[in-house]
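Asker: Encoded as structure tokens, here's the structure I'll be asking about.
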Amino acid sequence: MENEKTAKQKMINGELHQPSGKELALDRLRAREQMSIFNNLEPSKIKQRAQILKSLFAKTTSRLYVEPPLRIDYGFNISVGDNFYANFNLTILDSAPVTIGDNVMFGPNVSLFTPGHPIDADYRNAAWEYAKPITVGDNVWIGGNTVVNPGVRIGDNTVIGSGSVLTKDIPANVVAAGNPCKVLRPISERDKTYYFKQERFPEGH
């Protein structure tokens with residue numbers, strides 16, 4: 001039919017779709033080719049790597065630094081705020097929008113997954129897929145080896161402990177960790193005095 005939506009339109013609208021068609025396959029191929037260049041540039045080519053990200057992502061600023069290797073699906077669904085840093089082996093599967101706020105830090109091996117698949121094996125084997133957006137607020141620190149699943153929102157100023165698996169939203173201003181990830185405690189004024197357990201900041205910091 002003339003008005004039938006393409007798989008890409010369905011994906012962008014958050015609808016059930018089959019991503020194996022030509023249009024989305026070409027979009028993924030373009031992203032992979034750019035990631036191959038990005039990941040194999042000499043370490044000193046900082047500006048060139050940043051330019052690749054600016055050409056792929058929906059939004060960036062001049063202050064971003066991503067350690068290679070980086071893996072993404074498309075790039076056009078990724079928006080990154082100011083002063084973003086990601087350590088080695090960041091993976092973002094951006095079938096749905098991934099929105100990252102200002103002053104966000106990712107440890108190594110962080111993975112953000114927006115796509116999911118039906119539980120029913122017949123539909124899954126027929127390559128049906130859906131996607132839910134992920135939102136990371138301002139001033140968030142996500143520890144290494146963390147997985148963020150489809151549809152999750154992380155509030156401002158929150159710290160996610162390493163090795164966490166996020167299946168539900170995490171509010172602002174908390175420390176959270178675990179599998180599944182749960183709130184451990186609120187962030188308080190005490191955290192301005194102690195930077196790690198009982199270890200204090202130096203005077204006049």
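Labels for the structure tokens follow display order: chains A, B, ..., residues from 1 in each chain, ligands from 1.
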Once you count only C-alpha atoms, what closest atom pair and distance in Å to one decimal does each residue of region 100-200 of chain A within 10 Å of region 51-64 of chain A have, with rows by chain and rising residue number, as a tab-separated table?

Answerer:
```
residue	atom	partner	partner_atom	distance
A:Ile100	CA	A:Lys59	CA	9.7
A:Asp102	CA	A:Thr61	CA	9.7
A:Asn103	CA	A:Leu64	CA	9.5
A:Val104	CA	A:Leu64	CA	9.7
```

Asker: Output C-alpha atoms for every residue in the selection just made, as a PDB file, in the first residue's frame.

Answerer:
```pdb
ATOM      1  CA  ILE A 100      22.477  11.613  27.482  1.00  0.00           C
ATOM      2  CA  ASP A 102      25.433  17.182  30.471  1.00  0.00           C
ATOM      3  CA  ASN A 103      28.518  16.192  32.502  1.00  0.00           C
ATOM      4  CA  VAL A 104      27.981  12.440  32.153  1.00  0.00           C
TER       5      VAL A 104
END
```

Asker: Applying 7 Å and only C-alpha atoms, which residues near Thr99 (chain A) remain after dropping the ones on its own chain fewer than 5 positions away? List them as a list in words.

Answerer: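 Using only C-alpha atoms, the neighbours found are Ile78, Ser79, Val80, Ile134, Thr135 and Val136 of chain A.
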
Asker: Any chance you could export the current selection's C-alpha atoms as an mmCIF file, in the first residue's frame?

Answerer:
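Saved to out-v7.cif:
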```cif
data_model
loop_
_atom_site.group_PDB
_atom_site.id
_atom_site.type_symbol
_atom_site.label_atom_id
_atom_site.label_comp_id
_atom_site.auth_asym_id
_atom_site.auth_seq_id
_atom_site.Cartn_x
_atom_site.Cartn_y
_atom_site.Cartn_z
ATOM 1 C CA ILE A 78 21.988 9.293 19.918
ATOM 2 C CA SER A 79 21.982 12.743 21.551
ATOM 3 C CA VAL A 80 24.872 13.645 23.863
ATOM 4 C CA ILE A 134 16.854 5.352 27.193
ATOM 5 C CA THR A 135 17.432 8.646 29.014
ATOM 6 C CA VAL A 136 20.457 9.494 31.172
#
```

Asker: Counting only C-alpha atoms, figure out which residue out of A:Asp94, A:Asp73, A:Glu67, A:Glu189 gets nearest to Glu33 (chain A).

Answerer: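 Smallest distance to Glu33 (chain A) is found for A:Asp73.
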
Asker: Quick one: of A:Ile119, A:Leu26, A:Val66, A:Ala96, who's nearest to Ala131 (chain A), counting only C-alpha atoms?

Answerer: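 The answer is A:Ala96, which sits nearest to Ala131 (chain A).
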
Asker: Just how far from CA of Pro180 (chain A) is CA of Gly151 (chain A), in Å to one decimal?

Answerer: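 Spanning CA of Gly151 (chain A) to CA of Pro180 (chain A) is a straight-line distance of 14.6 Å.
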
Asker: Would you please work out which residue, of A:Leu112, A:Val152, A:Val140, A:Leu70, is nearest to Asn87 (chain A) when using only C-alpha atoms?

Answerer: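 Using only C-alpha atoms, the shortest distance to Asn87 (chain A) belongs to A:Leu70.
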
Asker: Could you pull out the residues in region 4-140 of chain A that DSSP calls strand (DSSP E or B) from the backbone, as an MDAnalysis selection string?

Answerer: chainID A and resid 17 59 64:66 70:72 78:80 84:86 90:93 98:100 105:106 111:113 115:116 129:131 134:136

Asker: Limited to N, CA and C atoms, could you put the picked residues into a file as a compact mmCIF listing (two decimals), in the first residue's frame?

Answerer:
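The file below, again-v1.txt, is the result:
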```
# COMPACT_ATOMS: atom_id res chain seq x y z
N HIS A 17 8.74 -3.99 14.44
CA HIS A 17 9.26 -3.92 13.08
C HIS A 17 10.26 -5.05 12.86
N LYS A 59 23.00 14.78 18.14
CA LYS A 59 23.39 15.99 18.86
C LYS A 59 24.68 15.73 19.62
N LEU A 64 33.32 16.48 24.07
CA LEU A 64 33.01 15.06 24.23
C LEU A 64 34.27 14.27 23.94
N TYR A 65 34.42 13.16 24.66
CA TYR A 65 35.57 12.30 24.45
C TYR A 65 35.14 10.87 24.70
N VAL A 66 35.29 10.05 23.68
CA VAL A 66 34.92 8.64 23.76
C VAL A 66 36.15 7.82 23.43
N LEU A 70 34.37 1.86 20.13
CA LEU A 70 32.97 2.21 20.31
C LEU A 70 32.14 1.41 19.32
N ARG A 71 30.96 0.95 19.78
CA ARG A 71 30.04 0.23 18.89
C ARG A 71 28.66 0.86 18.98
N ILE A 72 28.08 1.17 17.83
CA ILE A 72 26.71 1.70 17.77
C ILE A 72 25.96 1.01 16.64
N ILE A 78 21.18 9.01 18.72
CA ILE A 78 21.99 9.29 19.92
C ILE A 78 22.18 10.80 20.06
N SER A 79 21.77 11.34 21.23
CA SER A 79 21.98 12.74 21.55
C SER A 79 22.82 12.83 22.82
N VAL A 80 23.91 13.58 22.76
CA VAL A 80 24.87 13.64 23.86
C VAL A 80 25.01 15.09 24.31
N PHE A 84 30.78 15.19 27.82
CA PHE A 84 30.53 13.75 27.92
C PHE A 84 31.84 12.99 27.80
N TYR A 85 32.01 12.01 28.69
CA TYR A 85 33.19 11.13 28.62
C TYR A 85 32.75 9.67 28.75
N ALA A 86 33.28 8.83 27.86
CA ALA A 86 33.04 7.39 27.93
C ALA A 86 34.36 6.66 27.82
N LEU A 90 32.38 1.22 24.91
CA LEU A 90 31.00 1.65 25.00
C LEU A 90 30.21 1.04 23.85
N THR A 91 29.04 0.47 24.18
CA THR A 91 28.13 -0.07 23.17
C THR A 91 26.77 0.60 23.33
N ILE A 92 26.27 1.20 22.24
CA ILE A 92 24.94 1.81 22.25
C ILE A 92 24.15 1.25 21.06
N LEU A 93 23.12 0.47 21.37
CA LEU A 93 22.22 -0.02 20.34
C LEU A 93 21.03 0.93 20.29
N VAL A 98 18.44 7.53 22.33
CA VAL A 98 19.27 7.49 23.53
C VAL A 98 19.68 8.93 23.81
N THR A 99 19.22 9.46 24.93
CA THR A 99 19.46 10.86 25.27
C THR A 99 20.33 10.93 26.52
N ILE A 100 21.49 11.53 26.40
CA ILE A 100 22.48 11.61 27.48
C ILE A 100 22.67 13.08 27.83
N MET A 105 29.54 10.71 32.81
CA MET A 105 30.74 9.87 32.71
C MET A 105 30.32 8.40 32.67
N PHE A 106 30.91 7.65 31.73
CA PHE A 106 30.70 6.20 31.65
C PHE A 106 32.02 5.50 31.91
N SER A 111 27.01 -0.63 28.46
CA SER A 111 26.17 -0.99 27.32
C SER A 111 24.76 -0.44 27.50
N LEU A 112 24.26 0.26 26.48
CA LEU A 112 22.90 0.79 26.48
C LEU A 112 22.14 0.11 25.35
N PHE A 113 21.10 -0.64 25.70
CA PHE A 113 20.36 -1.44 24.73
C PHE A 113 18.93 -0.94 24.63
N PRO A 115 16.85 -1.90 21.85
CA PRO A 115 15.99 -2.90 21.22
C PRO A 115 15.68 -4.07 22.13
N GLY A 116 14.53 -4.68 21.87
CA GLY A 116 14.15 -5.92 22.53
C GLY A 116 13.46 -6.83 21.54
N GLU A 129 11.11 -7.12 16.15
CA GLU A 129 11.87 -6.37 17.15
C GLU A 129 11.08 -5.12 17.54
N TYR A 130 11.32 -4.65 18.76
CA TYR A 130 10.77 -3.37 19.20
C TYR A 130 11.90 -2.60 19.87
N ALA A 131 11.67 -1.34 20.18
CA ALA A 131 12.71 -0.55 20.85
C ALA A 131 12.06 0.49 21.75
N ILE A 134 16.07 5.28 25.96
CA ILE A 134 16.85 5.35 27.19
C ILE A 134 17.23 6.81 27.42
N THR A 135 17.08 7.27 28.67
CA THR A 135 17.43 8.65 29.01
C THR A 135 18.37 8.64 30.21
N VAL A 136 19.49 9.33 30.09
CA VAL A 136 20.46 9.49 31.17
C VAL A 136 20.51 10.98 31.51
```

Asker: Pick out the residues sitting within 10 Å of Ile142 (chain A), and hand them over as a PyMOL selection string; count only C-alpha atoms, and ignore anything fewer than 5 positions along from it in its own chain.

Answerer: chain A and resi 86+104-108+110+136+147-148+154+158-164+176-177

Asker: Could you take the residues named above and write them with N, CA and C atoms, as a tab-separated table (two decimals), in the first residue's frame?

Answerer:
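So out25.tsv came out as:
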```tsv
chain	number	residue	atom	x	y	z
A	86	ALA	N	33.28	8.83	27.86
A	86	ALA	CA	33.04	7.39	27.93
A	86	ALA	C	34.36	6.66	27.82
A	104	VAL	N	28.20	13.87	31.91
A	104	VAL	CA	27.98	12.44	32.15
A	104	VAL	C	29.28	11.68	31.92
A	105	MET	N	29.54	10.71	32.81
A	105	MET	CA	30.74	9.87	32.71
A	105	MET	C	30.32	8.40	32.67
A	106	PHE	N	30.91	7.65	31.73
A	106	PHE	CA	30.70	6.20	31.65
A	106	PHE	C	32.02	5.50	31.91
A	107	GLY	N	32.01	4.47	32.75
A	107	GLY	CA	33.17	3.61	32.90
A	107	GLY	C	33.32	2.68	31.71
A	108	PRO	N	34.35	1.82	31.72
A	108	PRO	CA	34.54	0.89	30.60
A	108	PRO	C	33.44	-0.16	30.54
A	110	VAL	N	30.40	-0.14	29.33
A	110	VAL	CA	29.00	0.22	29.55
A	110	VAL	C	28.21	-0.08	28.27
A	136	VAL	N	19.49	9.33	30.09
A	136	VAL	CA	20.46	9.49	31.17
A	136	VAL	C	20.51	10.98	31.51
A	147	VAL	N	24.89	-2.56	32.37
A	147	VAL	CA	23.96	-2.73	31.26
A	147	VAL	C	22.68	-1.95	31.56
A	148	VAL	N	22.28	-1.09	30.61
A	148	VAL	CA	21.04	-0.34	30.73
A	148	VAL	C	20.07	-0.88	29.67
A	154	ILE	N	17.42	7.37	33.92
A	154	ILE	CA	18.29	7.59	35.08
A	154	ILE	C	18.24	9.07	35.41
A	158	THR	N	22.82	11.06	39.67
A	158	THR	CA	22.85	9.70	40.21
A	158	THR	C	24.14	8.97	39.84
A	159	VAL	N	24.57	8.09	40.73
A	159	VAL	CA	25.75	7.25	40.51
A	159	VAL	C	25.28	5.78	40.46
A	160	ILE	N	25.68	5.09	39.38
A	160	ILE	CA	25.35	3.68	39.21
A	160	ILE	C	26.61	2.85	39.43
A	161	GLY	N	26.57	1.94	40.40
A	161	GLY	CA	27.73	1.12	40.71
A	161	GLY	C	28.09	0.16	39.59
A	162	SER	N	29.37	-0.19	39.50
A	162	SER	CA	29.85	-1.07	38.43
A	162	SER	C	29.17	-2.43	38.49
A	163	GLY	N	29.01	-3.03	37.32
A	163	GLY	CA	28.41	-4.35	37.22
A	163	GLY	C	26.90	-4.38	37.37
A	164	SER	N	26.25	-3.23	37.32
A	164	SER	CA	24.80	-3.18	37.51
A	164	SER	C	24.06	-3.54	36.23
A	176	ALA	N	22.98	3.82	43.28
A	176	ALA	CA	22.24	2.59	42.99
A	176	ALA	C	23.21	1.56	42.41
A	177	ALA	N	22.93	0.28	42.65
A	177	ALA	CA	23.81	-0.77	42.13
A	177	ALA	C	23.08	-2.11	42.23
```

Asker: Just the number, please: distance in Å from CA of Asp169 (chain A) to CA of Gly75 (chain A), one decimal.

Answerer: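 One can read the CA of Asp169 (chain A) to CA of Gly75 (chain A) distance as 23.2 Å.
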
Asker: Step one, run DSSP on the backbone; step two, keep only residues of region 56-173 of chain A assigned to helix (DSSP H, G or I); then write them as a list of chain:residue names.

Answerer: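 So the helix (DSSP H, G or I) residues in region 56-173 of chain A would be A:Leu56, A:Ala121, A:Asp122, A:Tyr123, A:Arg124, A:Asn125.
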